[in-house]
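One structure is given below, encoded as structure tokens.
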Amino acid sequence: MYELEPDPNRQPSSDAHNTLGDTLSWAFELDNSPAIAGATWLTREIVPNARDPFDAILDAATTAKQLEELKTAYKMLRTTGATMPERNLAARLYAATIAAALVRHNTLITRQSDAALTRAFDELYADETIPERIRMLATLAADAPARRSNPRA
Amino acid sequence: MPSPSRDSSATQTNWDLIRDAASGSESARGSLDAVTKRAWPAVYAYIRASGRQSEEAAELTQGFMADVFLSRQLLGKADQSRGRFRTLLINSVRNYLADMHRRQTAGLRKPTGGITPLDQMRERGDEPVDTSEASPERAFNARYVAVLIRAASERLHAELASAGDLASWEIFQARVLRAAFDGNAPSYDEIGPRVGLDKGTCAARLLVAKRRFASILMEELRATIDNPADLQAEITELRALLSNG
């Protein structure tokens with residue numbers, strides 16, 4: 001189960017200020033990271049102050065543009081992720097970013113067909129390893145006005 | 001799995017290279033060049049940081065490489081019990097400097113055919129860095145790690161080029177290498193248009209490249225130790241040494 005509780009020991013960091021030692025440290029820490037670590041790192045490349053992917057997706061300050069950038073990143077992680085849990089998580093995050101854009105910005109940020117979106121949202125809602133507030137986005141997105149104007153509906 | 005373009009000598013441990021370098025075999029010269037390339041920058045950094053001027057430090061480094069490697073002193077100690085190449089190397093340099101009067105009196109020794117001179121090192125990008133303000137140990141370790149990172153970066157570059165993915169290399173070079181060595185990383189807004197990719201894709205490609213880099217770096221580090229059980233201790237020690245200054 002992925003928790004929404006903040007990790008008090010983890011602070012957002014930027015690779016823009018890596019020292020030589022930091023580069024070495026990063027290289028060895030990433031080798032032993034859990035499934036969410038890759039998605040979290042990716043999230044912070046786009047939303048620097050995010051605690052984790054769920055935080056970024058739920059944050060009202062995350063813009064539609066950022067959600068679209070996150071969507072693109074998670075989409076790629078679905079196939080390039082290092083482990084199956086990471087790739088599965090990326091698939092859920094991908095769906096969640098689309099849902100968040102529909103719910104908060106009334107914007108459709110995908111060209112997927114309506115049937116494919118329905119499937120993705122259903123899988124997101126059914127995945128109990130994902131925090132409930134994220135899963136609820138799928139329910140709210142189902143009836144979003146912007147979705148009804150999807151040319152691929 | 002090693003890159004197809006990787007020189008076979010680079011997959012050997014440093015002990016393998018040292019033994020081969022002193023063996024007189026057909027590959028001895030290549031092995032000598034390979035181990036010299038790995039060791040020279042860190043040895044020079046140590047000697048330079050011990051208070052010598054750059055030219056004297058370069059001469060002492062050349063002498064050390066000739067005396068220690070070719071006189072079989074290191075070969076004589078190159079057995080399983082010696083463990084980590086880095087610790088043996090730094091101890092050897094420390095002892096060599098303590099005995100430098102004798103070496104200076106005897107003059108600079110060079111092997112037949114010479115060791116890769118300073119100028120060639122500069123051309124290859126392994127030019128010595130002025131580390132005169134750091135302690136000798138920190139200077140040595142910083143340069144030692146820099147050589148590992150350079151070797152891993154070169155392998156990553158070769159892999160990505162071979163795969164036709166120079167965009168990922170450019171992103172990695174900008175966001176990781178330049179950040180580490182220059183303290184300045186271009187933003188994705190700058191990089192994206194250059195490589196023709198959007199921000200999300202750039203970030204995802206960088207994650208893949210960094211993971212591959214980490215894997216290669218671990219291989220490079222493993223080549224510096226004989227006992228795999230020493231690896232975690234070596235990593236821990238290097239991180240501590242680089243953090244504490």
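Labels for the structure tokens follow display order: chains A, B, ..., residues from 1 in each chain, ligands from 1.
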Per residue of chain B within 7 Å of chain A, what are the shortest atom pair and its distance in Å to one decimal, counting only C-alpha atoms, with rows by chain and residue number, as CSV?
residue,atom,partner,partner_atom,distance
B:Arg175,CA,A:Ala16,CA,6.5
B:Val176,CA,A:Asp15,CA,6.7
B:Ala179,CA,A:Ala16,CA,5.1
B:Ala180,CA,A:Thr19,CA,4.8
B:Phe181,CA,A:Leu20,CA,6.9
B:Gly183,CA,A:His17,CA,5.6
B:Asn184,CA,A:Ala16,CA,6.0
B:Ala185,CA,A:Ala16,CA,4.7
B:Lys199,CA,A:Glu69,CA,6.2
B:Gly200,CA,A:Ala73,CA,4.3
B:Thr201,CA,A:Ala73,CA,5.4
B:Ala203,CA,A:Leu42,CA,6.3
B:Ala204,CA,A:Ala73,CA,5.2
B:Ala214,CA,A:Ala27,CA,4.5
B:Arg239,CA,A:Gly21,CA,6.2
B:Leu242,CA,A:Gly21,CA,5.5
B:Ser243,CA,A:Gly21,CA,6.5
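Minimum atom-to-atom distances from B:Glu26, B:Trp169, B:Phe85, B:Pro186 to Asn227 in chain B were compared using only C-alpha atoms, and the lowest value belongs to B:Phe85.
The two atoms in question, CA of Ala99 in chain A and CA of Ala141 in chain A, are spaced 5.1 Å apart.
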request  = Pick out the residues sitting within 10 Å of Phe54 in chain A, and hand them over as JSON, numbers by chain; count only C-alpha atoms, and ignore anything fewer than 3 positions along from it in its own chain.
outcome  = {"A": [2, 3, 4, 39, 40, 43, 50, 51, 57, 58, 59, 93, 96, 97, 130, 131, 133, 134]}
Write the selection just made, keeping N, CA and C atoms, as a PDB file, in the first residue's frame?
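Output file selection.pdb follows:
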ATOM      1  N   TYR A   2       0.590   2.176  -0.872  1.00  0.00           N
ATOM      2  CA  TYR A   2       1.356   3.416  -0.909  1.00  0.00           C
ATOM      3  C   TYR A   2       0.685   4.409   0.029  1.00  0.00           C
ATOM      4  N   GLU A   3       1.481   5.000   0.915  1.00  0.00           N
ATOM      5  CA  GLU A   3       0.925   5.876   1.929  1.00  0.00           C
ATOM      6  C   GLU A   3       1.013   7.325   1.502  1.00  0.00           C
ATOM      7  N   LEU A   4       0.026   8.114   1.939  1.00  0.00           N
ATOM      8  CA  LEU A   4       0.069   9.534   1.669  1.00  0.00           C
ATOM      9  C   LEU A   4       0.778  10.299   2.764  1.00  0.00           C
ATOM     10  N   ALA A  39       9.247   6.804  -9.487  1.00  0.00           N
ATOM     11  CA  ALA A  39       8.143   7.697  -9.828  1.00  0.00           C
ATOM     12  C   ALA A  39       8.241   9.004  -9.045  1.00  0.00           C
ATOM     13  N   THR A  40       8.712   8.921  -7.807  1.00  0.00           N
ATOM     14  CA  THR A  40       8.876  10.135  -7.011  1.00  0.00           C
ATOM     15  C   THR A  40       9.969  11.021  -7.584  1.00  0.00           C
ATOM     16  N   THR A  43       8.626  12.646 -10.622  1.00  0.00           N
ATOM     17  CA  THR A  43       7.652  13.680 -10.276  1.00  0.00           C
ATOM     18  C   THR A  43       8.360  14.981  -9.903  1.00  0.00           C
ATOM     19  N   ALA A  50       7.141  18.665  -4.839  1.00  0.00           N
ATOM     20  CA  ALA A  50       6.244  17.557  -4.514  1.00  0.00           C
ATOM     21  C   ALA A  50       6.884  16.580  -3.541  1.00  0.00           C
ATOM     22  N   ARG A  51       6.087  16.083  -2.598  1.00  0.00           N
ATOM     23  CA  ARG A  51       6.584  15.049  -1.684  1.00  0.00           C
ATOM     24  C   ARG A  51       6.699  13.724  -2.421  1.00  0.00           C
ATOM     25  N   ILE A  57      -0.164  15.090  -7.814  1.00  0.00           N
ATOM     26  CA  ILE A  57      -1.411  14.942  -8.575  1.00  0.00           C
ATOM     27  C   ILE A  57      -2.570  15.604  -7.830  1.00  0.00           C
ATOM     28  N   LEU A  58      -2.591  15.517  -6.521  1.00  0.00           N
ATOM     29  CA  LEU A  58      -3.703  16.042  -5.739  1.00  0.00           C
ATOM     30  C   LEU A  58      -3.576  17.540  -5.449  1.00  0.00           C
ATOM     31  N   ASP A  59      -2.375  18.069  -5.563  1.00  0.00           N
ATOM     32  CA  ASP A  59      -2.132  19.463  -5.200  1.00  0.00           C
ATOM     33  C   ASP A  59      -2.844  20.405  -6.175  1.00  0.00           C
ATOM     34  N   LEU A  93      -0.612   5.977 -12.107  1.00  0.00           N
ATOM     35  CA  LEU A  93      -0.317   7.418 -12.046  1.00  0.00           C
ATOM     36  C   LEU A  93      -0.684   8.089 -13.371  1.00  0.00           C
ATOM     37  N   ALA A  96      -4.243   8.600 -13.279  1.00  0.00           N
ATOM     38  CA  ALA A  96      -4.579   9.595 -12.261  1.00  0.00           C
ATOM     39  C   ALA A  96      -4.318  11.018 -12.745  1.00  0.00           C
ATOM     40  N   THR A  97      -3.265  11.218 -13.519  1.00  0.00           N
ATOM     41  CA  THR A  97      -2.990  12.571 -14.020  1.00  0.00           C
ATOM     42  C   THR A  97      -4.072  13.009 -14.999  1.00  0.00           C
ATOM     43  N   ILE A 130      -3.340   1.843  -4.165  1.00  0.00           N
ATOM     44  CA  ILE A 130      -3.254   3.290  -4.426  1.00  0.00           C
ATOM     45  C   ILE A 130      -4.069   4.035  -3.367  1.00  0.00           C
ATOM     46  N   PRO A 131      -3.570   5.143  -2.851  1.00  0.00           N
ATOM     47  CA  PRO A 131      -4.316   5.904  -1.845  1.00  0.00           C
ATOM     48  C   PRO A 131      -5.734   6.241  -2.312  1.00  0.00           C
ATOM     49  N   ARG A 133      -7.746   8.771  -1.960  1.00  0.00           N
ATOM     50  CA  ARG A 133      -8.033  10.081  -2.564  1.00  0.00           C
ATOM     51  C   ARG A 133      -7.638  10.111  -4.046  1.00  0.00           C
ATOM     52  N   ILE A 134      -6.632   9.365  -4.386  1.00  0.00           N
ATOM     53  CA  ILE A 134      -6.240   9.264  -5.791  1.00  0.00           C
ATOM     54  C   ILE A 134      -7.278   8.441  -6.544  1.00  0.00           C
TER      55      ILE A 134
END
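With CA of Ala152 in chain B on one side and CA of Arg194 in chain B on the other, the separation reads 24.2 Å.
Distance annotation: of B:Trp15, B:Leu241, B:Ala28, B:Leu166, the residue with the minimal separation from Ala142 in chain B is B:Leu241; atom set is only C-alpha atoms.
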ask   = Using only C-alpha atoms, which residues sit within 9 Å of His105 in chain A once same-chain residues fewer than 3 positions away are excluded, as an MDAnalysis selection string?
value = chainID A and resid 63:64 100:102 108
All helix (DSSP H, G or I) positions in range 89-137 of chain A, as a PDB file with N, CA and C atoms, in the first residue's frame:
ATOM      1  N   LEU A  89       2.582   0.793 -11.066  1.00  0.00           N
ATOM      2  CA  LEU A  89       2.330   2.076 -10.408  1.00  0.00           C
ATOM      3  C   LEU A  89       2.281   3.194 -11.447  1.00  0.00           C
ATOM      4  N   ALA A  90       3.201   3.162 -12.384  1.00  0.00           N
ATOM      5  CA  ALA A  90       3.238   4.195 -13.426  1.00  0.00           C
ATOM      6  C   ALA A  90       1.937   4.206 -14.226  1.00  0.00           C
ATOM      7  N   ALA A  91       1.393   3.039 -14.491  1.00  0.00           N
ATOM      8  CA  ALA A  91       0.121   2.960 -15.223  1.00  0.00           C
ATOM      9  C   ALA A  91      -0.995   3.639 -14.432  1.00  0.00           C
ATOM     10  N   ARG A  92      -1.010   3.432 -13.128  1.00  0.00           N
ATOM     11  CA  ARG A  92      -2.048   4.058 -12.295  1.00  0.00           C
ATOM     12  C   ARG A  92      -1.843   5.565 -12.228  1.00  0.00           C
ATOM     13  N   LEU A  93      -0.612   5.977 -12.107  1.00  0.00           N
ATOM     14  CA  LEU A  93      -0.317   7.418 -12.046  1.00  0.00           C
ATOM     15  C   LEU A  93      -0.684   8.089 -13.371  1.00  0.00           C
ATOM     16  N   TYR A  94      -0.422   7.401 -14.436  1.00  0.00           N
ATOM     17  CA  TYR A  94      -0.787   7.913 -15.765  1.00  0.00           C
ATOM     18  C   TYR A  94      -2.284   8.206 -15.820  1.00  0.00           C
ATOM     19  N   ALA A  95      -3.067   7.243 -15.396  1.00  0.00           N
ATOM     20  CA  ALA A  95      -4.527   7.428 -15.379  1.00  0.00           C
ATOM     21  C   ALA A  95      -4.923   8.541 -14.415  1.00  0.00           C
ATOM     22  N   ALA A  96      -4.243   8.600 -13.279  1.00  0.00           N
ATOM     23  CA  ALA A  96      -4.579   9.595 -12.261  1.00  0.00           C
ATOM     24  C   ALA A  96      -4.318  11.018 -12.745  1.00  0.00           C
ATOM     25  N   THR A  97      -3.265  11.218 -13.519  1.00  0.00           N
ATOM     26  CA  THR A  97      -2.990  12.571 -14.020  1.00  0.00           C
ATOM     27  C   THR A  97      -4.072  13.009 -14.999  1.00  0.00           C
ATOM     28  N   ILE A  98      -4.531  12.093 -15.810  1.00  0.00           N
ATOM     29  CA  ILE A  98      -5.614  12.422 -16.757  1.00  0.00           C
ATOM     30  C   ILE A  98      -6.879  12.767 -15.988  1.00  0.00           C
ATOM     31  N   ALA A  99      -7.152  11.962 -14.953  1.00  0.00           N
ATOM     32  CA  ALA A  99      -8.331  12.211 -14.133  1.00  0.00           C
ATOM     33  C   ALA A  99      -8.231  13.568 -13.436  1.00  0.00           C
ATOM     34  N   ALA A 100      -7.057  13.870 -12.897  1.00  0.00           N
ATOM     35  CA  ALA A 100      -6.867  15.135 -12.177  1.00  0.00           C
ATOM     36  C   ALA A 100      -7.059  16.329 -13.098  1.00  0.00           C
ATOM     37  N   ALA A 101      -6.580  16.221 -14.310  1.00  0.00           N
ATOM     38  CA  ALA A 101      -6.733  17.326 -15.270  1.00  0.00           C
ATOM     39  C   ALA A 101      -8.211  17.532 -15.614  1.00  0.00           C
ATOM     40  N   LEU A 102      -8.956  16.445 -15.726  1.00  0.00           N
ATOM     41  CA  LEU A 102     -10.396  16.543 -16.010  1.00  0.00           C
ATOM     42  C   LEU A 102     -11.125  17.181 -14.841  1.00  0.00           C
ATOM     43  N   VAL A 103     -10.816  16.711 -13.644  1.00  0.00           N
ATOM     44  CA  VAL A 103     -11.561  17.139 -12.458  1.00  0.00           C
ATOM     45  C   VAL A 103     -11.226  18.582 -12.074  1.00  0.00           C
ATOM     46  N   ARG A 104      -9.936  18.914 -12.064  1.00  0.00           N
ATOM     47  CA  ARG A 104      -9.570  20.235 -11.531  1.00  0.00           C
ATOM     48  C   ARG A 104      -9.470  21.311 -12.611  1.00  0.00           C
ATOM     49  N   HIS A 105      -9.116  20.922 -13.809  1.00  0.00           N
ATOM     50  CA  HIS A 105      -8.908  21.919 -14.860  1.00  0.00           C
ATOM     51  C   HIS A 105      -9.881  21.776 -16.020  1.00  0.00           C
ATOM     52  N   ASP A 114     -12.518   7.011 -25.492  1.00  0.00           N
ATOM     53  CA  ASP A 114     -13.334   7.013 -24.291  1.00  0.00           C
ATOM     54  C   ASP A 114     -13.358   5.631 -23.646  1.00  0.00           C
ATOM     55  N   ALA A 115     -13.405   4.602 -24.466  1.00  0.00           N
ATOM     56  CA  ALA A 115     -13.418   3.241 -23.938  1.00  0.00           C
ATOM     57  C   ALA A 115     -12.117   2.930 -23.192  1.00  0.00           C
ATOM     58  N   ALA A 116     -10.995   3.365 -23.757  1.00  0.00           N
ATOM     59  CA  ALA A 116      -9.708   3.132 -23.106  1.00  0.00           C
ATOM     60  C   ALA A 116      -9.614   3.906 -21.799  1.00  0.00           C
ATOM     61  N   LEU A 117     -10.138   5.120 -21.794  1.00  0.00           N
ATOM     62  CA  LEU A 117     -10.135   5.915 -20.565  1.00  0.00           C
ATOM     63  C   LEU A 117     -10.978   5.262 -19.486  1.00  0.00           C
ATOM     64  N   THR A 118     -12.131   4.778 -19.877  1.00  0.00           N
ATOM     65  CA  THR A 118     -13.009   4.110 -18.913  1.00  0.00           C
ATOM     66  C   THR A 118     -12.294   2.923 -18.277  1.00  0.00           C
ATOM     67  N   ARG A 119     -11.616   2.187 -19.109  1.00  0.00           N
ATOM     68  CA  ARG A 119     -10.881   1.016 -18.617  1.00  0.00           C
ATOM     69  C   ARG A 119      -9.780   1.442 -17.637  1.00  0.00           C
ATOM     70  N   ALA A 120      -9.057   2.473 -18.007  1.00  0.00           N
ATOM     71  CA  ALA A 120      -7.964   2.955 -17.154  1.00  0.00           C
ATOM     72  C   ALA A 120      -8.481   3.464 -15.819  1.00  0.00           C
ATOM     73  N   PHE A 121      -9.582   4.200 -15.857  1.00  0.00           N
ATOM     74  CA  PHE A 121     -10.156   4.721 -14.616  1.00  0.00           C
ATOM     75  C   PHE A 121     -10.706   3.598 -13.745  1.00  0.00           C
ATOM     76  N   ASP A 122     -11.315   2.608 -14.377  1.00  0.00           N
ATOM     77  CA  ASP A 122     -11.835   1.468 -13.609  1.00  0.00           C
ATOM     78  C   ASP A 122     -10.697   0.742 -12.894  1.00  0.00           C
ATOM     79  N   GLU A 123      -9.590   0.543 -13.607  1.00  0.00           N
ATOM     80  CA  GLU A 123      -8.445  -0.153 -13.009  1.00  0.00           C
ATOM     81  C   GLU A 123      -7.821   0.665 -11.890  1.00  0.00           C
ATOM     82  N   LEU A 124      -7.784   1.970 -12.083  1.00  0.00           N
ATOM     83  CA  LEU A 124      -7.264   2.844 -11.035  1.00  0.00           C
ATOM     84  C   LEU A 124      -8.143   2.747  -9.793  1.00  0.00           C
ATOM     85  N   TYR A 125      -9.424   2.828  -9.976  1.00  0.00           N
ATOM     86  CA  TYR A 125     -10.342   2.795  -8.833  1.00  0.00           C
ATOM     87  C   TYR A 125     -10.255   1.453  -8.094  1.00  0.00           C
ATOM     88  N   ALA A 126     -10.049   0.395  -8.832  1.00  0.00           N
ATOM     89  CA  ALA A 126     -10.047  -0.941  -8.235  1.00  0.00           C
ATOM     90  C   ALA A 126      -8.736  -1.288  -7.543  1.00  0.00           C
ATOM     91  N   GLU A 132      -6.670   6.229  -1.364  1.00  0.00           N
ATOM     92  CA  GLU A 132      -8.074   6.378  -1.727  1.00  0.00           C
ATOM     93  C   GLU A 132      -8.366   7.709  -2.410  1.00  0.00           C
ATOM     94  N   ARG A 133      -7.746   8.771  -1.960  1.00  0.00           N
ATOM     95  CA  ARG A 133      -8.033  10.081  -2.564  1.00  0.00           C
ATOM     96  C   ARG A 133      -7.638  10.111  -4.046  1.00  0.00           C
ATOM     97  N   ILE A 134      -6.632   9.365  -4.386  1.00  0.00           N
ATOM     98  CA  ILE A 134      -6.240   9.264  -5.791  1.00  0.00           C
ATOM     99  C   ILE A 134      -7.278   8.441  -6.544  1.00  0.00           C
ATOM    100  N   ARG A 135      -7.688   7.347  -5.941  1.00  0.00           N
ATOM    101  CA  ARG A 135      -8.663   6.470  -6.592  1.00  0.00           C
ATOM    102  C   ARG A 135      -9.992   7.183  -6.804  1.00  0.00           C
ATOM    103  N   MET A 136     -10.348   8.076  -5.891  1.00  0.00           N
ATOM    104  CA  MET A 136     -11.609   8.806  -6.028  1.00  0.00           C
ATOM    105  C   MET A 136     -11.590   9.722  -7.240  1.00  0.00           C
ATOM    106  N   LEU A 137     -10.402  10.144  -7.642  1.00  0.00           N
ATOM    107  CA  LEU A 137     -10.308  10.974  -8.858  1.00  0.00           C
ATOM    108  C   LEU A 137     -10.931  10.247 -10.051  1.00  0.00           C
TER     109      LEU A 137
END
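With CA of Ala98 in chain B on one side and CA of Ala21 in chain B on the other, the separation reads 25.5 Å.
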inquiry  = So that I can see what lies close to Arg222 in chain B, please list as a ChimeraX atom specification the residues with an atom at most 10 Å from it, counting only C-alpha atoms and leaving out residues fewer than 3 positions away in the same chain.
reply    = /B:11-14,84,216-219,225-228,230-232,234-235
Saved selection, atoms kept: N, CA and C atoms, as a PDB file, in the first residue's frame:
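Result file follows (out.pdb):
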ATOM      1  N   THR B  11      37.266  -4.696 -18.346  1.00  0.00           N
ATOM      2  CA  THR B  11      36.388  -5.537 -17.548  1.00  0.00           C
ATOM      3  C   THR B  11      37.168  -6.282 -16.493  1.00  0.00           C
ATOM      4  N   GLN B  12      38.491  -6.229 -16.565  1.00  0.00           N
ATOM      5  CA  GLN B  12      39.292  -6.929 -15.574  1.00  0.00           C
ATOM      6  C   GLN B  12      39.430  -6.087 -14.323  1.00  0.00           C
ATOM      7  N   THR B  13      39.683  -6.780 -13.200  1.00  0.00           N
ATOM      8  CA  THR B  13      39.966  -6.026 -11.998  1.00  0.00           C
ATOM      9  C   THR B  13      41.329  -5.375 -12.151  1.00  0.00           C
ATOM     10  N   ASN B  14      41.590  -4.407 -11.254  1.00  0.00           N
ATOM     11  CA  ASN B  14      42.899  -3.765 -11.304  1.00  0.00           C
ATOM     12  C   ASN B  14      44.011  -4.772 -11.040  1.00  0.00           C
ATOM     13  N   ARG B  84      41.117  -4.121  -1.322  1.00  0.00           N
ATOM     14  CA  ARG B  84      40.773  -2.983  -2.136  1.00  0.00           C
ATOM     15  C   ARG B  84      41.982  -2.296  -2.742  1.00  0.00           C
ATOM     16  N   ILE B 216      26.531   0.718 -14.365  1.00  0.00           N
ATOM     17  CA  ILE B 216      27.897   0.715 -14.910  1.00  0.00           C
ATOM     18  C   ILE B 216      28.902   1.144 -13.851  1.00  0.00           C
ATOM     19  N   LEU B 217      28.529   2.153 -13.079  1.00  0.00           N
ATOM     20  CA  LEU B 217      29.431   2.647 -12.037  1.00  0.00           C
ATOM     21  C   LEU B 217      29.734   1.553 -11.018  1.00  0.00           C
ATOM     22  N   MET B 218      28.707   0.768 -10.702  1.00  0.00           N
ATOM     23  CA  MET B 218      28.926  -0.349  -9.779  1.00  0.00           C
ATOM     24  C   MET B 218      29.907  -1.357 -10.382  1.00  0.00           C
ATOM     25  N   GLU B 219      29.787  -1.601 -11.673  1.00  0.00           N
ATOM     26  CA  GLU B 219      30.736  -2.514 -12.330  1.00  0.00           C
ATOM     27  C   GLU B 219      32.161  -1.959 -12.249  1.00  0.00           C
ATOM     28  N   ILE B 225      38.100  -3.998  -6.630  1.00  0.00           N
ATOM     29  CA  ILE B 225      38.253  -4.849  -5.451  1.00  0.00           C
ATOM     30  C   ILE B 225      38.307  -6.301  -5.903  1.00  0.00           C
ATOM     31  N   ASP B 226      38.962  -7.124  -5.119  1.00  0.00           N
ATOM     32  CA  ASP B 226      39.032  -8.541  -5.449  1.00  0.00           C
ATOM     33  C   ASP B 226      37.933  -9.337  -4.760  1.00  0.00           C
ATOM     34  N   ASN B 227      37.571  -8.925  -3.558  1.00  0.00           N
ATOM     35  CA  ASN B 227      36.586  -9.670  -2.790  1.00  0.00           C
ATOM     36  C   ASN B 227      35.238  -8.951  -2.864  1.00  0.00           C
ATOM     37  N   PRO B 228      34.229  -9.545  -3.500  1.00  0.00           N
ATOM     38  CA  PRO B 228      32.924  -8.885  -3.606  1.00  0.00           C
ATOM     39  C   PRO B 228      32.339  -8.476  -2.259  1.00  0.00           C
ATOM     40  N   ASP B 230      33.779  -6.928  -0.088  1.00  0.00           N
ATOM     41  CA  ASP B 230      34.317  -5.613   0.272  1.00  0.00           C
ATOM     42  C   ASP B 230      33.571  -4.467  -0.387  1.00  0.00           C
ATOM     43  N   LEU B 231      32.676  -4.772  -1.327  1.00  0.00           N
ATOM     44  CA  LEU B 231      32.071  -3.725  -2.142  1.00  0.00           C
ATOM     45  C   LEU B 231      31.274  -2.722  -1.316  1.00  0.00           C
ATOM     46  N   GLN B 232      30.396  -3.231  -0.460  1.00  0.00           N
ATOM     47  CA  GLN B 232      29.557  -2.320   0.310  1.00  0.00           C
ATOM     48  C   GLN B 232      30.414  -1.447   1.220  1.00  0.00           C
ATOM     49  N   GLU B 234      33.437  -0.514   0.658  1.00  0.00           N
ATOM     50  CA  GLU B 234      34.125   0.464  -0.187  1.00  0.00           C
ATOM     51  C   GLU B 234      33.197   1.624  -0.521  1.00  0.00           C
ATOM     52  N   ILE B 235      31.946   1.302  -0.860  1.00  0.00           N
ATOM     53  CA  ILE B 235      30.970   2.347  -1.180  1.00  0.00           C
ATOM     54  C   ILE B 235      30.758   3.251   0.032  1.00  0.00           C
TER      55      ILE B 235
END
key: Residues near Ser168 in chain B, cut-off 9 Å, only C-alpha atoms, skip fewer than 2 positions along chain, as an NGL selection string   = :B and (160 or 165-166 or 170-173 or 195 or 202 or 205-206 or 208-209)
Selected residues written out with N, CA and C atoms, as a short mmCIF file (atom, residue, chain, number, x, y, z; two decimals), in the first residue's frame:
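Okay, this is what ended up in selection-v8.cif:
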data_model
loop_
_atom_site.label_atom_id
_atom_site.label_comp_id
_atom_site.auth_asym_id
_atom_site.auth_seq_id
_atom_site.Cartn_x
_atom_site.Cartn_y
_atom_site.Cartn_z
N LEU B 160 24.71 4.40 -25.45
CA LEU B 160 23.60 5.20 -25.98
C LEU B 160 23.85 5.55 -27.45
N ASP B 165 20.69 6.65 -29.47
CA ASP B 165 19.94 7.46 -28.50
C ASP B 165 20.83 8.56 -27.93
N LEU B 166 21.36 9.40 -28.78
CA LEU B 166 22.20 10.49 -28.29
C LEU B 166 21.40 11.54 -27.54
N GLU B 170 22.67 13.40 -24.18
CA GLU B 170 22.74 14.85 -24.03
C GLU B 170 21.99 15.29 -22.78
N ILE B 171 20.85 14.67 -22.52
CA ILE B 171 20.08 14.99 -21.31
C ILE B 171 20.88 14.61 -20.07
N PHE B 172 21.47 13.42 -20.08
CA PHE B 172 22.26 12.94 -18.94
C PHE B 172 23.47 13.84 -18.71
N GLN B 173 24.15 14.16 -19.80
CA GLN B 173 25.35 14.98 -19.68
C GLN B 173 25.01 16.35 -19.08
N VAL B 195 16.95 18.68 -28.04
CA VAL B 195 16.87 17.25 -28.38
C VAL B 195 15.53 16.88 -29.00
N CYS B 202 11.82 13.87 -21.55
CA CYS B 202 13.21 14.12 -21.14
C CYS B 202 13.47 13.55 -19.74
N ARG B 205 13.48 9.75 -19.78
CA ARG B 205 14.71 9.23 -20.42
C ARG B 205 15.89 9.36 -19.47
N LEU B 206 15.91 10.48 -18.72
CA LEU B 206 17.01 10.69 -17.79
C LEU B 206 16.99 9.63 -16.69
N VAL B 208 16.01 6.55 -16.92
CA VAL B 208 16.57 5.32 -17.50
C VAL B 208 18.09 5.43 -17.61
N ALA B 209 18.57 6.58 -18.08
CA ALA B 209 20.01 6.77 -18.27
C ALA B 209 20.75 6.76 -16.93
#
